[in-house]
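Below is input_14.txt, holding compact mmCIF, C-alpha atoms and all ligand atoms.
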```
# COMPACT_ATOMS: atom_id res chain seq x y z
CA MET A 12 -9.03 55.14 53.76
CA ILE A 13 -8.10 55.23 50.08
CA GLU A 14 -5.42 52.67 50.93
CA ASP A 15 -8.13 50.34 52.28
CA ILE A 16 -9.94 50.63 48.96
CA ASN A 17 -6.76 49.78 47.03
CA LYS A 18 -6.01 46.81 49.23
CA ILE A 19 -9.50 45.39 48.90
CA ASN A 20 -9.47 46.07 45.17
CA ASN A 21 -6.31 43.96 44.85
CA GLU A 22 -8.01 41.12 46.71
CA VAL A 23 -11.01 41.39 44.41
CA GLN A 24 -8.88 41.38 41.26
CA SER A 25 -6.78 38.42 42.28
CA PHE A 26 -9.69 36.26 43.36
CA ASN A 27 -10.40 33.30 41.15
CA SER A 28 -12.42 30.15 41.62
CA SER A 29 -14.45 27.62 39.76
CA SER A 30 -16.47 26.58 42.78
CA LEU A 31 -19.92 28.04 43.24
CA ASP A 32 -19.57 27.93 47.06
CA GLU A 33 -16.32 29.82 47.01
CA ILE A 34 -17.74 32.46 44.69
CA GLU A 35 -20.75 32.88 47.00
CA ASN A 36 -18.46 33.18 50.04
CA PHE A 37 -16.47 35.79 48.16
CA ARG A 38 -19.64 37.72 47.40
CA ILE A 39 -20.76 37.61 51.02
CA SER A 40 -17.41 38.56 52.47
CA PHE A 41 -17.08 41.58 50.15
CA LEU A 42 -20.58 42.68 49.27
CA GLY A 43 -22.74 41.11 51.99
CA LYS A 44 -24.28 43.03 54.89
CA LYS A 45 -21.08 42.79 56.86
CA GLY A 46 -18.86 42.58 53.79
CA LYS A 47 -15.64 44.52 53.49
CA ILE A 48 -16.97 46.83 50.81
CA THR A 49 -20.30 47.38 52.59
CA LEU A 50 -18.37 48.36 55.72
CA LEU A 51 -16.46 50.94 53.73
CA PHE A 52 -19.76 52.38 52.56
CA ASN A 53 -20.88 52.51 56.19
CA ASN A 54 -17.71 54.42 57.07
CA PHE A 55 -18.38 56.97 54.34
CA LYS A 56 -19.71 59.43 56.90
CA LEU A 57 -16.35 59.41 58.72
CA VAL A 58 -14.44 60.53 55.63
CA PRO A 59 -13.34 64.19 55.78
CA VAL A 60 -15.45 66.37 53.50
CA ALA A 61 -12.51 67.24 51.23
CA GLU A 62 -11.89 63.55 50.46
CA LYS A 63 -15.51 62.46 50.15
CA LYS A 64 -15.73 62.97 46.39
CA GLU A 65 -12.61 60.99 45.56
CA PHE A 66 -13.40 58.33 48.15
CA GLY A 67 -16.96 57.94 46.88
CA SER A 68 -15.93 57.48 43.28
CA GLN A 69 -13.16 54.98 44.16
CA LEU A 70 -15.58 53.07 46.36
CA ASN A 71 -18.12 52.82 43.57
CA ILE A 72 -15.43 51.53 41.20
CA LEU A 73 -14.44 48.93 43.79
CA LYS A 74 -18.02 47.81 44.27
CA ASN A 75 -18.54 47.47 40.50
CA ASN A 76 -15.30 45.49 40.21
CA ALA A 77 -16.50 43.08 42.88
CA LEU A 78 -19.95 42.73 41.27
CA ASN A 79 -18.37 42.13 37.86
CA LYS A 80 -16.01 39.56 39.33
CA VAL A 81 -18.91 37.57 40.78
CA LYS A 82 -20.83 37.82 37.50
CA GLU A 83 -17.86 36.74 35.38
CA LEU A 84 -16.95 33.77 37.55
CA LYS A 85 -20.55 32.58 37.70
CA SER A 86 -21.02 32.80 33.95
CA SER A 87 -17.82 30.89 33.18
CA LEU A 88 -19.00 28.29 35.67
CA ALA A 89 -22.28 27.98 33.75
CA GLU A 90 -20.37 27.45 30.49
CA ILE A 91 -18.35 24.61 31.96
CA SER A 92 -21.37 22.85 33.42
CA SER A 93 -23.37 23.14 30.20
CA ALA A 94 -20.54 21.53 28.16
CA PRO A 95 -21.48 17.98 27.10
CA LYS A 96 -20.26 15.44 29.62
CA SER A 97 -18.02 12.73 28.21
CA ASN A 98 -16.28 9.75 29.68
CA THR A 99 -13.55 10.03 27.09
CA ASP A 100 -10.18 11.00 28.43
CA PHE A 101 -8.76 13.20 25.73
CA THR A 102 -5.39 13.29 27.42
CA ILE A 103 -4.67 9.59 26.86
CA PRO A 104 -1.90 9.24 24.22
CA GLY A 105 -3.19 8.05 20.82
CA GLN A 106 -2.48 4.61 19.41
CA PRO A 107 -0.26 5.01 16.35
CA ASN A 108 -1.71 3.49 13.17
CA ASP A 109 0.91 1.80 11.04
CA ILE A 110 0.97 3.08 7.50
CA GLY A 111 0.57 0.21 5.05
CA SER A 112 3.05 -0.35 2.27
CA ARG A 113 3.07 -2.21 -1.01
CA HIS A 114 3.91 -5.87 -1.08
CA PRO A 115 7.29 -6.68 -2.70
CA ILE A 116 5.53 -8.83 -5.32
CA THR A 117 3.26 -5.91 -6.19
CA ILE A 118 6.25 -3.60 -6.43
CA ILE A 119 8.07 -5.92 -8.83
CA ARG A 120 4.93 -6.71 -10.84
CA ASP A 121 4.28 -2.99 -11.30
CA ARG A 122 7.88 -2.46 -12.38
CA ILE A 123 7.55 -5.19 -15.02
CA ILE A 124 4.25 -3.71 -16.24
CA ASN A 125 5.79 -0.26 -16.35
CA ILE A 126 8.75 -1.36 -18.46
CA PHE A 127 6.56 -3.11 -21.04
CA SER A 128 3.97 -0.35 -21.16
CA HIS A 129 6.75 2.03 -22.25
CA ILE A 130 7.13 0.01 -25.44
CA GLY A 131 3.47 -0.21 -26.28
CA PHE A 132 2.25 -3.33 -24.45
CA SER A 133 -1.21 -3.06 -22.94
CA ILE A 134 -2.42 -5.05 -19.94
CA SER A 135 -5.03 -7.78 -20.15
CA GLU A 136 -6.12 -10.07 -17.37
CA GLY A 137 -7.99 -13.36 -17.34
CA PRO A 138 -9.71 -15.57 -14.78
CA GLU A 139 -7.83 -17.62 -12.18
CA ILE A 140 -10.41 -20.38 -12.50
CA GLU A 141 -9.91 -21.54 -16.04
CA ASP A 142 -11.24 -24.20 -18.41
CA ASP A 143 -9.17 -26.90 -20.05
CA TRP A 144 -9.36 -25.21 -23.44
CA HIS A 145 -7.69 -21.95 -22.39
CA ASN A 146 -5.18 -23.47 -19.98
CA PHE A 147 -4.14 -26.49 -22.06
CA THR A 148 -5.88 -27.52 -25.27
CA ALA A 149 -5.75 -24.24 -27.20
CA LEU A 150 -2.10 -23.96 -26.14
CA ASN A 151 -1.29 -27.17 -28.00
CA PHE A 152 -0.79 -29.35 -24.92
CA PRO A 153 -1.01 -32.98 -26.02
CA GLU A 154 -3.72 -35.03 -24.36
CA GLU A 155 -1.21 -36.97 -22.24
CA HIS A 156 1.01 -33.99 -21.26
CA PRO A 157 2.19 -34.34 -17.64
CA ALA A 158 1.16 -30.76 -16.76
CA ARG A 159 -2.45 -31.87 -17.12
CA ASP A 160 -1.84 -34.44 -14.44
CA MET A 161 -3.70 -34.20 -11.14
CA GLN A 162 -0.33 -33.99 -9.47
CA ASP A 163 0.46 -30.60 -11.03
CA THR A 164 -2.95 -29.05 -11.49
CA PHE A 165 -5.67 -28.21 -8.97
CA PHE A 166 -8.74 -29.51 -10.75
CA ILE A 167 -12.20 -28.31 -9.76
CA ASN A 168 -13.89 -30.78 -12.09
CA GLU A 169 -12.91 -32.57 -15.28
CA ASP A 170 -12.97 -29.40 -17.34
CA ILE A 171 -12.27 -26.64 -14.82
CA ALA A 172 -9.04 -26.02 -12.91
CA LEU A 173 -7.07 -23.25 -11.23
CA ARG A 174 -4.90 -21.90 -14.03
CA THR A 175 -1.37 -23.25 -13.93
CA HIS A 176 0.08 -20.34 -15.91
CA THR A 177 -0.91 -16.98 -17.34
CA SER A 178 -0.41 -18.32 -20.89
CA SER A 179 -4.16 -19.00 -20.74
CA VAL A 180 -4.70 -15.24 -21.07
CA GLN A 181 -2.83 -15.31 -24.42
CA VAL A 182 -5.59 -17.48 -25.78
CA ARG A 183 -8.31 -15.19 -24.47
CA VAL A 184 -6.60 -12.11 -25.93
CA MET A 185 -6.14 -13.75 -29.37
CA GLU A 186 -9.71 -15.03 -29.41
CA LYS A 187 -11.02 -11.51 -28.83
CA ASN A 188 -8.60 -9.43 -30.94
CA GLN A 189 -7.07 -9.58 -34.37
CA PRO A 190 -3.41 -8.55 -34.77
CA PRO A 191 -1.55 -6.37 -34.18
CA ILE A 192 -1.61 -7.59 -30.57
CA ARG A 193 0.82 -6.41 -27.93
CA ALA A 194 -0.27 -7.44 -24.47
CA ILE A 195 1.11 -8.41 -21.10
CA SER A 196 -0.92 -10.39 -18.60
CA PRO A 197 0.06 -10.30 -14.95
CA GLY A 198 -1.67 -12.65 -12.55
CA ARG A 199 -1.66 -15.39 -9.95
CA VAL A 200 -1.23 -19.02 -10.90
CA TYR A 201 -1.57 -22.28 -8.99
CA ARG A 202 0.29 -25.58 -8.95
CA ASN A 203 -0.14 -28.60 -6.80
CA GLU A 204 3.34 -28.51 -5.26
CA ALA A 205 4.59 -29.21 -1.77
CA ILE A 206 5.40 -25.85 -0.17
CA SER A 207 9.12 -25.30 0.40
CA ALA A 208 11.68 -22.52 0.16
CA ARG A 209 11.85 -23.06 -3.61
CA ALA A 210 8.26 -23.98 -4.53
CA HIS A 211 4.77 -22.83 -3.59
CA CYS A 212 1.25 -23.85 -4.49
CA PHE A 213 0.55 -20.35 -5.81
CA PHE A 214 2.77 -17.70 -7.30
CA HIS A 215 2.65 -14.89 -9.84
CA GLN A 216 3.55 -14.62 -13.48
CA VAL A 217 3.62 -12.01 -16.19
CA GLU A 218 2.87 -13.27 -19.67
CA GLY A 219 3.77 -11.35 -22.81
CA LEU A 220 2.38 -11.68 -26.31
CA TYR A 221 3.20 -9.89 -29.55
CA ILE A 222 1.47 -10.85 -32.81
CA ASP A 223 1.74 -8.97 -36.10
CA LYS A 224 2.89 -9.44 -39.68
CA GLY A 225 6.55 -10.42 -39.93
CA VAL A 226 7.39 -10.65 -36.21
CA SER A 227 10.68 -12.51 -35.83
CA PHE A 228 12.75 -14.25 -33.19
CA ALA A 229 15.17 -11.29 -33.38
CA ASP A 230 12.34 -8.91 -32.40
CA MET A 231 11.69 -11.05 -29.36
CA LYS A 232 15.34 -11.08 -28.38
CA GLN A 233 15.59 -7.28 -28.61
CA THR A 234 12.45 -6.81 -26.53
CA LEU A 235 13.70 -9.17 -23.84
CA MET A 236 17.10 -7.49 -23.85
CA TYR A 237 15.42 -4.12 -23.39
CA PHE A 238 13.39 -5.56 -20.54
CA THR A 239 16.31 -7.15 -18.67
CA LYS A 240 18.44 -4.02 -18.92
CA ALA A 241 15.57 -1.88 -17.63
CA MET A 242 14.88 -4.35 -14.84
CA PHE A 243 18.36 -5.37 -13.69
CA GLY A 244 20.63 -2.59 -14.99
CA ASN A 245 22.23 -1.58 -18.25
CA GLU A 246 25.23 -3.87 -17.91
CA THR A 247 23.00 -6.99 -17.80
CA LYS A 248 23.52 -9.57 -20.53
CA ILE A 249 21.05 -12.24 -21.68
CA ARG A 250 21.46 -15.62 -23.25
CA LEU A 251 18.84 -17.85 -24.84
CA ARG A 252 18.97 -21.61 -24.49
CA PRO A 253 16.85 -23.93 -26.64
CA SER A 254 13.92 -25.38 -24.75
CA TYR A 255 10.49 -26.86 -25.26
CA PHE A 256 6.98 -25.53 -24.58
CA PRO A 257 3.93 -26.96 -26.38
CA PHE A 258 2.71 -23.49 -27.35
CA THR A 259 5.91 -22.07 -28.87
CA GLU A 260 8.19 -23.25 -31.67
CA PRO A 261 11.06 -22.68 -31.44
CA SER A 262 11.14 -22.24 -27.66
CA ALA A 263 13.86 -20.88 -25.46
CA GLU A 264 14.78 -20.32 -21.85
CA VAL A 265 16.14 -16.84 -21.04
CA ASP A 266 19.08 -16.43 -18.66
CA VAL A 267 20.44 -13.12 -17.35
CA SER A 268 24.01 -12.57 -16.23
CA CYS A 269 24.03 -13.07 -12.46
CA THR A 270 22.83 -9.84 -10.88
CA ILE A 271 24.22 -10.80 -7.51
CA CYS A 272 27.87 -11.70 -8.22
CA LYS A 273 28.04 -9.89 -11.59
CA SER A 274 28.82 -13.27 -13.18
CA LYS A 275 31.87 -13.91 -11.01
CA GLY A 276 30.18 -16.99 -9.55
CA CYS A 277 28.13 -17.33 -6.38
CA ASN A 278 25.79 -19.88 -4.84
CA VAL A 279 22.68 -18.17 -6.27
CA CYS A 280 23.87 -18.74 -9.86
CA LYS A 281 25.54 -21.99 -8.76
CA TYR A 282 28.87 -20.61 -9.98
CA SER A 283 27.61 -20.54 -13.58
CA GLY A 284 27.33 -16.73 -13.79
CA TRP A 285 23.81 -17.08 -15.26
CA LEU A 286 20.28 -17.06 -13.82
CA GLU A 287 17.20 -18.42 -15.54
CA ILE A 288 14.37 -15.87 -15.55
CA MET A 289 11.76 -16.82 -18.14
CA GLY A 290 10.53 -19.00 -20.96
CA CYS A 291 9.78 -17.67 -24.43
CA GLY A 292 9.37 -18.59 -28.06
CA MET A 293 7.58 -18.01 -31.35
CA VAL A 294 3.87 -18.72 -30.95
CA ASP A 295 3.18 -22.15 -32.46
CA PRO A 296 1.04 -21.93 -35.66
CA ASN A 297 -1.35 -24.45 -34.09
CA VAL A 298 -2.04 -21.99 -31.27
CA LEU A 299 -2.67 -19.15 -33.73
CA GLU A 300 -5.08 -21.37 -35.63
CA ASN A 301 -6.86 -22.43 -32.43
CA CYS A 302 -7.45 -18.73 -31.76
CA LYS A 303 -8.66 -17.97 -35.31
CA ILE A 304 -5.56 -16.06 -36.34
CA ASP A 305 -4.14 -16.94 -39.76
CA PRO A 306 -0.60 -18.34 -39.26
CA ASP A 307 0.20 -17.73 -42.93
CA LEU A 308 -0.39 -14.01 -42.43
CA TYR A 309 0.78 -13.48 -38.90
CA SER A 310 3.53 -14.56 -36.57
CA GLY A 311 4.43 -13.60 -33.04
CA TYR A 312 6.31 -14.28 -29.90
CA ALA A 313 5.31 -15.00 -26.33
CA PHE A 314 7.14 -15.07 -23.04
CA GLY A 315 6.32 -15.83 -19.45
CA MET A 316 8.17 -15.01 -16.24
CA GLY A 317 7.67 -15.63 -12.54
CA VAL A 318 7.34 -12.45 -10.48
CA GLU A 319 8.67 -14.15 -7.33
CA ARG A 320 11.76 -15.23 -9.27
CA ILE A 321 12.47 -11.63 -10.39
CA ALA A 322 11.76 -10.34 -6.87
CA GLN A 323 14.11 -12.96 -5.45
CA LEU A 324 16.92 -11.66 -7.65
CA ILE A 325 16.22 -7.98 -7.00
CA TYR A 326 15.77 -8.36 -3.23
CA GLU A 327 17.98 -11.40 -2.70
CA VAL A 328 15.26 -13.25 -0.85
CA ASN A 329 15.98 -16.94 -0.88
CA ASP A 330 12.82 -18.37 0.67
CA LEU A 331 9.64 -18.12 -1.42
CA ARG A 332 7.43 -18.72 1.59
CA LEU A 333 8.27 -15.30 3.03
CA TYR A 334 6.16 -13.63 0.35
CA SER A 335 2.93 -15.14 1.62
CA GLU A 336 3.39 -15.33 5.37
CA ASN A 337 2.28 -11.77 6.14
CA ASP A 338 5.17 -11.29 8.52
CA LEU A 339 5.37 -7.54 9.10
CA ARG A 340 9.06 -7.80 9.98
CA PHE A 341 9.65 -8.99 6.43
CA LEU A 342 7.14 -6.75 4.67
CA LYS A 343 8.21 -3.54 6.41
CA GLN A 344 11.62 -3.78 4.79
CA PHE A 345 10.05 -2.84 1.46
CA SER A 346 8.00 0.09 2.75
CA SER A 347 10.29 2.73 1.28
CA ASP A 348 10.56 0.98 -2.07
CA SER A 349 8.62 2.40 -4.96
CA PHE A 350 8.86 1.55 -8.58
N1 LIG B 1 3.76 -20.79 -19.29
C1 LIG B 1 5.15 -21.12 -19.03
C2 LIG B 1 5.28 -21.61 -17.59
O1 LIG B 1 4.39 -21.40 -16.81
C3 LIG B 1 6.04 -19.94 -19.23
C4 LIG B 1 6.14 -19.58 -20.66
C5 LIG B 1 7.12 -20.16 -21.44
C6 LIG B 1 5.26 -18.68 -21.23
C7 LIG B 1 7.23 -19.83 -22.77
C8 LIG B 1 5.37 -18.36 -22.56
C9 LIG B 1 6.37 -18.94 -23.32
O2 LIG B 1 4.54 -17.50 -23.17
O3 LIG B 1 6.47 -18.61 -24.63
O4 LIG B 1 6.28 -22.16 -17.25
```

As structure tokens, how would this structure be written, given the file I've shared?
Ligand code: DAH
Amino acid sequence: MIEDINKINNEVQSFNSSSLDEIENFRISFLGKKGKITLLFNNFKLVPVAEKKEFGSQLNILKNNALNKVKELKSSLAEISSAPKSNTDFTIPGQPNDIGSRHPITIIRDRIINIFSHIGFSISEGPEIEDDWHNFTALNFPEEHPARDMQDTFFINEDIALRTHTSSVQVRVMEKNQPPIRAISPGRVYRNEAISARAHCFFHQVEGLYIDKGVSFADMKQTLMYFTKAMFGNETKIRLRPSYFPFTEPSAEVDVSCTICKSKGCNVCKYSGWLEIMGCGMVDPNVLENCKIDPDLYSGYAFGMGVERIAQLIYEVNDLRLYSENDLRFLKQFSSDSF
């Protein structure tokens, strides 16, 4: 008889279900009027007297086990059914979100800013929609200068245009501050050019300006040498070629030794060993005067470079259009680059 109890107890312990009907059937078949446990109770009178005590206590344990089982299963069923119903399938695999990365132009611009901020240049920005005074007149552009032509400049009206260079910010900085001035001005500029691998209707420049007492051409050269070494590597050489800009006198074009072939000659430097990277010069006294800075007291230098040009040399990208096409296959290649 004790064996019967053990056997039924095993059945009770191993029973599991999350269906209300099955749990009810279990209850009936074990604890109902004709249930297995009830029958054992009915047989109690047949148990020999000596075993009655042990049998009785085991039987009570069995009955409690069965009752507890029913209670437990029913309460876990209630928990499940009271959980909020949702149509969302939480087992569907998630859609991976691509992590964004910085644009190569931003990376290079930040590198340029970083290099100049180490030697005391602060950043100033100006508007992309600019008036004639700041973009041309204050910068000593003669009335008939070709850059003022409709063919080069996007005019909004007679006086307002999209700035064609960041040199306009020079004027704004000098109008607002007296020397010493040490500022760089990064920003986007616009020119009315047919879009090709080598030209675009918008691009980015960084302008530099340094005005103080006794600033010389040699100071400018040292600063630009420092910059090119920091940007392209310590072994980089520079050379200055005479040039012309209305707002600087004298003016020069800055070349760096070819970063790609190390001056051995390649098709990027057209076998010259040199690459042009920026324009520069001593700020013309007329410009200082236009900005209410006394040219007898102060002198200074200015320079301007194209960010795409620098990026092209660092990354060896030979088609300017790639920078503004938002092609992820192109942009992802710079995702691990920091400054
Ligand atoms: N503004 C010139 C350009 O867009 C670049 C430039 C040349 C800036 C000489 C300067 C400079 O400040 O001194 O081509």

Mind working out the centre and edge lengths of an axis-aligned box for segment 18-22 of chain A, all listed atoms inside, 5 Å added to each side, rounded to one decimal in Å and written as lines of an AutoDock Vina configuration file?
```
center_x = -7.8
center_y = 44.0
center_z = 47.0
size_x = 13.5
size_y = 15.7
size_z = 14.4
```

Which polymer residues have any atom within 10 Å of an atom of Ser29 of chain A, counting all atoms listed in the file, with same-chain residues fewer than 5 positions away left out, as a list in words?
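Counting all atoms listed in the file, the residues come to Ile34, Leu84, Lys85, Ser87, Leu88, Ala89 and Ile91 of chain A.
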
Compare A:Asn20, A:Ser128, A:Ser40, A:Gln344 by their minimum atom-to-atom distance to Thr234 of chain A, counting all atoms listed in the file, and give me the closest one.
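Closest candidate: A:Ser128.
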
Would you mind listing what lies within 12 Å of Asn79 of chain A as a PDB file with C-alpha atoms, in the frame of the given file, with only C-alpha atoms counted and same-chain residues fewer than 5 positions away left out?
```pdb
ATOM      1  CA  VAL A  23     -11.010  41.390  44.410  1.00  0.00           C
ATOM      2  CA  GLN A  24      -8.880  41.380  41.260  1.00  0.00           C
ATOM      3  CA  PHE A  26      -9.690  36.260  43.360  1.00  0.00           C
ATOM      4  CA  ILE A  34     -17.740  32.460  44.690  1.00  0.00           C
ATOM      5  CA  ARG A  38     -19.640  37.720  47.400  1.00  0.00           C
ATOM      6  CA  LEU A  42     -20.580  42.680  49.270  1.00  0.00           C
ATOM      7  CA  ILE A  72     -15.430  51.530  41.200  1.00  0.00           C
ATOM      8  CA  LEU A  73     -14.440  48.930  43.790  1.00  0.00           C
ATOM      9  CA  LYS A  74     -18.020  47.810  44.270  1.00  0.00           C
ATOM     10  CA  LEU A  84     -16.950  33.770  37.550  1.00  0.00           C
ATOM     11  CA  LYS A  85     -20.550  32.580  37.700  1.00  0.00           C
ATOM     12  CA  SER A  86     -21.020  32.800  33.950  1.00  0.00           C
TER      13      SER A  86
END
```

Shell of 9 Å around ligand LIG 1 (chain B) (all atoms listed in the file), written as a VMD selection string:
chain A and resid 175 to 179 181 200 216 to 220 254 to 260 262 to 264 289 to 294 312 to 317

In Å and to one decimal, atom CA of Gln189 of chain A is distant from atom CA of Ile222 of chain A by 8.8 Å

What is the distance, in Å and to one decimal place, between atom CA of Ile249 of chain A and atom CA of Cys277 of chain A?
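Answer for the atom CA of Ile249 of chain A to atom CA of Cys277 of chain A separation: 17.6 Å.
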
Skip Ser283 of chain A itself and residues of its chain fewer than 4 positions away, then list as a ChimeraX atom specification all residues within 10 Å of it, counting only C-alpha atoms.
/A:268-269,274-279

Near segment 103-110 of chain A, within 10 Å and counting only C-alpha atoms, which residues show up once chain neighbours fewer than 3 positions away are dropped, as a list in words?
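The filter keeps Thr99, Asp100, Lys343 and Ser346 of chain A.
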
Selection: 12 Å around Asn168 of chain A, all atoms listed in the file, excl. self and same-chain fewer than 6 positions, as a VMD selection string:
chain A and resid 140 to 143 161

Do you have the atom CA of Gln69 of chain A-atom CA of Asn36 of chain A distance handy?
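For atom CA of Gln69 of chain A relative to atom CA of Asn36 of chain A, the distance reads 23.2 Å.
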
Which residue of A:Ile16, A:Lys63, A:Asp163, A:Asp230 approaches Glu204 of chain A most closely, using all atoms listed in the file:
A:Asp163

So which one's closest to Leu286 of chain A, A:Lys224, A:Lys96, A:His114, A:Arg250? Using all atoms listed in the file, please.
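Closest to Leu286 of chain A of all the choices is A:Arg250.
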
Which one is closest to Trp144 of chain A: A:Val60, A:Val182, A:Ala210, A:Met231? Count only C-alpha atoms.
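Under the stated criterion, the closest residue is A:Val182.
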
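Residue nearest Ile130 of chain A, chosen from A:Leu173, A:Arg193, A:Thr102, A:Phe214 and counting all atoms listed in the file: A:Arg193.
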
Closest to Arg174 of chain A among A:Asn53, A:Asn203, A:Asn76, A:Ser93, using all atoms listed in the file?
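Residue with the minimum atom-to-atom distance to Arg174 of chain A: A:Asn203.
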